[in-house]
Amino acid sequence: MTKTLPLADAATQPFWRRPVALLFLMAAAMPISFATWSALLNNFVIEAAEFDGSDIGWLHTVREIPGFLSFGVILVLILVREQALALTSLMLLGIATALTAWFPSLGGILMITFLSSVGFHYYEAVNQSLQLQWLTREEAPKVLGKLLAVGSAATLVSYGLIVLLWDPLGLTYNTVFMIAGGITVAIALFARFSYPRFESPHPQRKTLVLRKRYWLYYVLQFLAGARRQIFVVFAGFMMVERFGFDVHEVTSLFLITLLGNMIIAPLIGRAVSRFGERRVLLVEYAGLVTIFTLYGGIYFFGWGLVLAATLYVIDNLLFGLALALKTYFQKIGDPGDMAPTAAVAFTINHIAAVVLPASLGYLWLVSPAAVFVLASGLAACSFLFGLLIPRHPEPGYETIFAGRRAPAAAE
């Protein structure tokens with residue numbers, strides 16, 4: 001980065017050097033590493049270290065510790081600008097991904113996963129803050145939808161190459177991890193030295209922010225973190241453990257999901273603009289209740305592979321609706337709270353994430369169906385709390401119980 005540029009002057013830059021362009025570039029860079037790691041993970045840990053359900057649970061617990069400690073972003077931001085921290089975190093994610101196959105043991109995989117997770121979670125926390133600062137409230141839903149589509153497109157290329165080239169070229173885990181991580185690092189370095197430092201008109205608070213008027217946002221973040229962990233950890237593991245999916249078969253499911261996201265994600269942004277955050281989030285939560293219940297039915301009733309694969313794809317697509325939670329906070333939050341609240345929200349999101357994977361790993365050994373029934377219950381709780389979101393949220397009108405008033409400064 002060569003100079004500091006006020007956000008209001010960003011329009012004087014060529015289109016490719018503007019803040020929105022940087023958001024799109026980072027949206028493409030992150031999934032190249034993270035999605036490749038996700039696609040190969042279950043097969044890699046089973047083949048290289050003979051993981052069982054308990055081991056995979058512990059791995060994801062370790063992976064989520066940096067997410068739980070995301071409030072540490074606030075301390076780092078005292079010394080480092082948000083934009084620089086986002087790109088540094090991307091580089092750490094890329095480096096750790098590149099080295100993943102160098103440590104084919106339980107301890108080694110846990111260590112490199114922790115480092116990768118620091119990069120991923122600190123990037124995500126800061127990136128969310130930058131999105132909400134650099135985008136206006138009017139354009140945010142549509143642009144966030146397009147950013148999701150760009151991330152899906154970048155992931156689609158990665159997965160497509162794995163599916164097409166894994167067997168013909170005899171690719172190894174090490175080769176794929178190294179290439180994916182190296183590309184992320186290269187993009188982050190390019191962005192680091194090619195873009196100005198964009199200065200937001202609203203300086204971000206460098207202290208932890210917990211406001212009682214944000215309570216509904218915190219609750220929905222907590223439930224989302226618990227619910228998503230069950231999907232991330234156990235849905236993919238089920239496809240490998242129960243149905244014997246190979247690398248290219250798991251990746252094929254991801255490809256189908258990505259194609260769907262590229263089409264649906266921009267539409268989600270438009271839906272949020274038209275129907276509001278409340279309705280979109282209720283659709284997500286109701287859909288997840290149904291899907292997790294059907295996941296349990298796979299074990300209760302012995303339903304087959306086709307249904308499991310279909311549920312897996314729909315499940316992934318529904319998570320895209322969660323962008324409405326970002327715009328909900330953008331509408332109710334103080335402009336100076338974007339960075340500290342993003343960090344706090346990530347910590348809240350990961351409270352259950354640190355505990356559930358390891359504990360549910362033991363439950364998985366006894367009853368995989370019970371794990372998914374629990375997830376269905378969490379989605380139902382999200383739906384009930386989602387009913388409290390107003391049709392037009394704003395500061396002082398964060399829930400249907402709040403009157404339309406200006407929030408007190410001390411709240």
# chains A, B, ... in the order shown; residues from 1 in each chain; ligands from 1
>>> residues_around(residues="Leu365 (chain A)", least_positions_apart="3", cutoff="12 Å", atoms="only C-alpha atoms", output="list in words")
Asp52, Gly53, Ser54, Asp55, Ile56, Gly57, Phe234, Met238, Glu241, Ala358, Ser359, Leu360, Gly361, Tyr362, Pro368, Ala369, Ala370 and Val371 of chain A
>>> write_last_selection(atoms="C-alpha atoms", output="PDB file, in the first residue's frame")
ATOM      1  CA  ASP A  52     -12.230 -41.247  13.787  1.00  0.00           C
ATOM      2  CA  GLY A  53     -15.239 -39.148  14.872  1.00  0.00           C
ATOM      3  CA  SER A  54     -13.577 -38.120  18.128  1.00  0.00           C
ATOM      4  CA  ASP A  55     -10.360 -37.009  16.385  1.00  0.00           C
ATOM      5  CA  ILE A  56     -12.232 -34.903  13.824  1.00  0.00           C
ATOM      6  CA  GLY A  57     -14.171 -33.323  16.666  1.00  0.00           C
ATOM      7  CA  PHE A 234     -20.179 -33.724  10.820  1.00  0.00           C
ATOM      8  CA  MET A 238     -20.809 -38.335   7.260  1.00  0.00           C
ATOM      9  CA  GLU A 241     -17.526 -42.224   6.778  1.00  0.00           C
ATOM     10  CA  ALA A 358     -15.081 -32.325  20.666  1.00  0.00           C
ATOM     11  CA  SER A 359     -18.068 -33.121  22.896  1.00  0.00           C
ATOM     12  CA  LEU A 360     -20.328 -34.037  19.993  1.00  0.00           C
ATOM     13  CA  GLY A 361     -17.521 -36.158  18.565  1.00  0.00           C
ATOM     14  CA  TYR A 362     -18.096 -38.537  21.470  1.00  0.00           C
ATOM     15  CA  PRO A 368     -24.816 -39.705  14.812  1.00  0.00           C
ATOM     16  CA  ALA A 369     -28.565 -39.038  14.434  1.00  0.00           C
ATOM     17  CA  ALA A 370     -28.658 -37.357  17.850  1.00  0.00           C
ATOM     18  CA  VAL A 371     -26.057 -34.839  16.674  1.00  0.00           C
TER      19      VAL A 371
END
>>> residues_around(residues="Gly377 (chain A)", least_positions_apart="6", cutoff="10 Å", atoms="only C-alpha atoms", output="list of chain:residue names")
A:Arg227, A:Leu288, A:Val289, A:Phe292, A:Thr293, A:Phe383
>>> write_last_selection(atoms="N, CA and C atoms", output="PDB file, in the first residue's frame")
ATOM      1  N   ARG A 227     -24.826 -23.952  15.371  1.00  0.00           N
ATOM      2  CA  ARG A 227     -25.494 -24.715  14.308  1.00  0.00           C
ATOM      3  C   ARG A 227     -24.543 -25.019  13.153  1.00  0.00           C
ATOM      4  N   LEU A 288     -33.294 -24.809   7.618  1.00  0.00           N
ATOM      5  CA  LEU A 288     -32.294 -25.587   8.343  1.00  0.00           C
ATOM      6  C   LEU A 288     -32.933 -26.553   9.341  1.00  0.00           C
ATOM      7  N   VAL A 289     -34.055 -26.161   9.943  1.00  0.00           N
ATOM      8  CA  VAL A 289     -34.773 -27.097  10.811  1.00  0.00           C
ATOM      9  C   VAL A 289     -35.142 -28.355  10.027  1.00  0.00           C
ATOM     10  N   PHE A 292     -31.770 -30.481   8.898  1.00  0.00           N
ATOM     11  CA  PHE A 292     -31.105 -31.219   9.971  1.00  0.00           C
ATOM     12  C   PHE A 292     -31.973 -32.376  10.472  1.00  0.00           C
ATOM     13  N   THR A 293     -33.281 -32.180  10.460  1.00  0.00           N
ATOM     14  CA  THR A 293     -34.176 -33.274  10.840  1.00  0.00           C
ATOM     15  C   THR A 293     -34.052 -34.434   9.853  1.00  0.00           C
ATOM     16  N   PHE A 383     -35.060 -19.565  14.678  1.00  0.00           N
ATOM     17  CA  PHE A 383     -36.309 -19.115  14.060  1.00  0.00           C
ATOM     18  C   PHE A 383     -37.134 -18.300  15.054  1.00  0.00           C
TER      19      PHE A 383
END
>>> select_by_dssp(residues="region 45-261 of chain A", states="helix (DSSP H, G or I)", output="VMD selection string")
chain A and resid 45 to 49 53 to 68 72 to 77 82 to 98 100 to 102 106 to 134 140 to 165 173 to 194 212 to 241 247 to 261
>>> closest_residue(among="A:Trp58, A:Phe51, A:Tyr173, A:Tyr159", to="Ala101 (chain A)", atoms="only C-alpha atoms")
A:Tyr173
>>> residues_around(residues="Met91 (chain A)", least_positions_apart="6", cutoff="8 Å", atoms="only C-alpha atoms", output="list in words")
Gly119, Thr184, Val185, Ala188 and Leu189 of chain A
